[in-house]
Amino acid sequence: MTDRVTDSLGRSWERGAPLGRGTWGRSYEIRAVGDGGREAVLKVPLRREDFAADVAVPDELVNACAAIAREQIDQLQEAVAQPAAPHTIGPPRLEATVDLGEGRVGLILPRYATLARRMSSGLPHAEVLKLVHRVAGSLTATHRAHGNLRPSNVLFGERGEVHLADPATPTLTRHLAALAEHANAHAWLPPEARAGARVPAPRLDTWALTQLLWVSLMEQAAADGVDKLEVASARDRAHARFGTEGSNPRFRGRVAEREGALLSRGLSHDAEPSPPYRFDTCRELADRVSEVMALIRPKVVDVGRLLPPSSAPDGVFVGDGPVTFSVTVGGTPGVTDPDDLVCGLHLVDLDGPGDGRVPVEDAAVDVQVHPSGRLRFALTLGGIRPGRYRLRVAFAVKDSGDEPQVALGEFQVRPPPGYVPPPTEPSAPSAIPFPGARRPASGVPSSAGFPSDPGEERLTDPGEFEDRASDPASFPGDPSSIGRDPSSVGLDDTPATAQEAEAPRVVHAFPRPVAPPTEPDPEPTPPPRPAPVAAPRPQPALRALPDIPEDEGLDTEELLADTDDAAPVAPLPKPPTSPSPHVSLPPPPPMLADAVHAPAAGDPPSDVVGFGDELPGYGEGAEIGGRTSGMPAPLAAALEILRRDRYLSLGVAVAASLLLVLSLTLLLKAC
């Protein structure tokens, strides 16, 4: 073949370097002459020299390659006359043909990228799964089998469209095993097809598509099928690949397990029975691949309507019972566990203040699996007060990061007969504003102004606020500034220099610094004068009573009376140093011993008898009040004590009364 060829349309092409060798032909790079150097691919049938020299190649196989080329042209021209259906994959576009002589014809095709090149450059495994699913679905939709699938026959256009090249023709089907052996492509055929058995084309396609998945994971083909150990290794590879490709970590293990089962079946050494061996059709394979793809990044597909129960038609609930709704949720295949979903509630009071959001504290969710595979959520809300509400229920797959699917509904709750609304909590009392105080700067807490020193003033009595507010003199500066907003102070009101003293601060429950005075006070207010303290009234001093005649009775009232006009009484004699036979009296109580009063005005100091002085003992005919009494000395001493101490005299009188009553009682009992 020369370096320049002319196609069926009369265009000249310059042949370039070879691109590769296929089952029945070899491809070359060509460039158009005089057409801007557009590139294309020239595919020509194999000749004898294209096979290995040490292998005997029959003439029938060489002639079969030329026949396959002519059959390929016929199929491509037929595809141009019948465009591919939507969502299906068609063959590449045939631009022209080239007559090579000796009954051999070449094909000019657009230059495409191949799947083999993309996989060698690191195509994500999830993309290979999508491609296998798309090819299997397309072959199922067109009811046609390809019969010659391999990475070099899957082409990608400039806009990402996919094409399937070199479909099986009648001649290719008869010589497929031999041609694949010479092309070192036998791994893309099942073992029974390599052995010469006639295998249906759909089974050839399912084997080749499953082999694509295996090569994407293990980077080499499994020509004779796989065993359990190899499948376990493939599962580990799948788990690692999905971890680097951004799959949902919650489902990563399940994805690897599902794909391991798919590979074990699709690349099984045994072909029958199916199941559990091999996929008979591309539809079966597409369904299994779809399950694996759905678990890579599962999501909630759709959410139904919020349905109230039959007891609440039109969403009107009467009474204080719970509010219930039901909603169905559908997810991608494989999402059948309620624990894989997260549910969120957003309740809004349509008549409430602000945004009206109501916290949902008493909520319960019950989930049932519908026969269709959807999940039915039964929601129960308790503690809802009467009113009008809007409820939003959101669903999403855990750890997915997707936007949740939302169901929206409105309902009413009407009170039962005799309903009494709960009392509202009283609001916190507002702070008492301090007149004329400067507001604290933003970001400074109100507690920052509380006094830390003992000398700093603090107002705690509410009455002090009223006194300060009503007394202009208690505020420094201009009294007219009381109650004025500190932010309204102009430039003329600020101090002239920074050396001026700051205004005093009065700290109260909500401290605010007092604005500095605008002018000095011309008349400083004098401090309040302290209230006069009344001096204690002097108590009259106890004085000695005059002598009582022996023939006169002893009157208690006269004895206890305070006789200021009595004659002065001589001081009592000191007690003898010798032990007295009489009983010594106890000292007076401390409260009486300390109450020593000054003598009255005009009285001689000798008349004053202190409570703390010790009383002497008396003999027979001792003097009482300066007079000699005929009473015994003990009785005279007792009377003198009673005369001096009023409280003791009262106690003695009470004790005597009790003794008298006791003696009378004993006398009556004796009689």
# chains A, B, ... in the order shown; residues from 1 in each chain; ligands from 1

$ residues_around --residues "Pro18 of chain A" --least-positions-apart "5" --cutoff "8 Å" --atoms "only C-alpha atoms" --output "list in words"
Arg26, Ser27, Tyr28 and Glu29 of chain A

$ residues_around --residues "Cys65 of chain A" --least-positions-apart "3" --cutoff "7 Å" --atoms "only C-alpha atoms" --output "PDB file with C-alpha atoms, in the first residue's frame"
ATOM      1  CA  TRP A  24      -9.366  -8.749  11.365  1.00  0.00           C
ATOM      2  CA  GLY A  25      -7.633  -5.500  10.367  1.00  0.00           C
ATOM      3  CA  PRO A  45      -7.994  -5.999   6.293  1.00  0.00           C
ATOM      4  CA  LEU A  46      -5.084  -8.125   7.381  1.00  0.00           C
ATOM      5  CA  LEU A  61      -8.392 -16.944   7.267  1.00  0.00           C
ATOM      6  CA  VAL A  62      -6.713 -14.241   5.125  1.00  0.00           C
ATOM      7  CA  ILE A  68     -15.213  -9.081   7.045  1.00  0.00           C
ATOM      8  CA  ALA A  69     -14.111  -5.626   5.818  1.00  0.00           C
TER       9      ALA A  69
END

$ select_by_dssp --residues "segment 26-156 of chain A" --states "helix (DSSP H, G or I)" --output "PyMOL selection string"
chain A and resi 48-50+59-81+115-120+125-142+151-153

$ residues_around --residues "Gln75 of chain A" --least-positions-apart "6" --cutoff "9 Å" --atoms "only C-alpha atoms" --output "ChimeraX atom specification"
/A:91,167,169

$ write_last_selection --atoms "N, CA, C and O atoms" --output "CSV table (one decimal), in the first residue's frame"
chain,number,residue,atom,x,y,z
A,91,PRO,N,-22.9,2.7,15.9
A,91,PRO,CA,-21.6,2.4,15.3
A,91,PRO,C,-20.9,3.8,14.9
A,91,PRO,O,-21.6,4.8,14.9
A,167,PRO,N,-18.6,-4.6,15.0
A,167,PRO,CA,-19.6,-5.6,15.5
A,167,PRO,C,-19.4,-6.9,14.7
A,167,PRO,O,-18.8,-7.0,13.6
A,169,THR,N,-19.9,-9.9,12.4
A,169,THR,CA,-20.6,-10.2,11.1
A,169,THR,C,-20.6,-11.7,10.9
A,169,THR,O,-20.0,-12.5,11.7

$ atom_distance --atom1 "atom CA of Pro313 of chain A" --atom2 "atom CA of Gln412 of chain A"
10.5 Å

$ decode --residues "segment 214-245 of chain A" --atoms "C-alpha atoms" --output "mmCIF file, in the first residue's frame"
data_model
loop_
_atom_site.group_PDB
_atom_site.id
_atom_site.type_symbol
_atom_site.label_atom_id
_atom_site.label_comp_id
_atom_site.auth_asym_id
_atom_site.auth_seq_id
_atom_site.Cartn_x
_atom_site.Cartn_y
_atom_site.Cartn_z
ATOM 1 C CA TRP A 214 -12.237 -7.100 36.212
ATOM 2 C CA VAL A 215 -9.485 -5.426 34.198
ATOM 3 C CA SER A 216 -10.438 -2.041 35.676
ATOM 4 C CA LEU A 217 -9.862 -3.443 39.171
ATOM 5 C CA MET A 218 -7.081 -5.997 38.731
ATOM 6 C CA GLU A 219 -5.330 -4.478 35.662
ATOM 7 C CA GLN A 220 -5.212 -7.850 33.889
ATOM 8 C CA ALA A 221 -7.771 -10.149 32.313
ATOM 9 C CA ALA A 222 -9.026 -13.392 33.830
ATOM 10 C CA ALA A 223 -8.914 -15.611 30.753
ATOM 11 C CA ASP A 224 -10.056 -18.850 32.409
ATOM 12 C CA GLY A 225 -12.532 -17.417 34.902
ATOM 13 C CA VAL A 226 -12.114 -16.581 38.596
ATOM 14 C CA ASP A 227 -12.125 -18.536 41.859
ATOM 15 C CA LYS A 228 -13.082 -17.518 45.396
ATOM 16 C CA LEU A 229 -9.628 -16.317 46.337
ATOM 17 C CA GLU A 230 -9.423 -14.064 43.299
ATOM 18 C CA VAL A 231 -12.922 -12.718 43.994
ATOM 19 C CA ALA A 232 -11.930 -11.857 47.579
ATOM 20 C CA SER A 233 -8.902 -9.968 46.258
ATOM 21 C CA ALA A 234 -11.143 -8.109 43.803
ATOM 22 C CA ARG A 235 -13.484 -7.101 46.655
ATOM 23 C CA ASP A 236 -10.578 -5.584 48.551
ATOM 24 C CA ARG A 237 -9.472 -3.705 45.445
ATOM 25 C CA ALA A 238 -13.012 -2.418 44.904
ATOM 26 C CA HIS A 239 -13.258 -1.212 48.527
ATOM 27 C CA ALA A 240 -9.971 0.666 48.158
ATOM 28 C CA ARG A 241 -10.888 2.174 44.780
ATOM 29 C CA PHE A 242 -14.272 3.410 45.977
ATOM 30 C CA GLY A 243 -12.607 4.941 49.008
ATOM 31 C CA THR A 244 -10.431 7.106 46.773
ATOM 32 C CA GLU A 245 -13.245 8.007 44.383
#
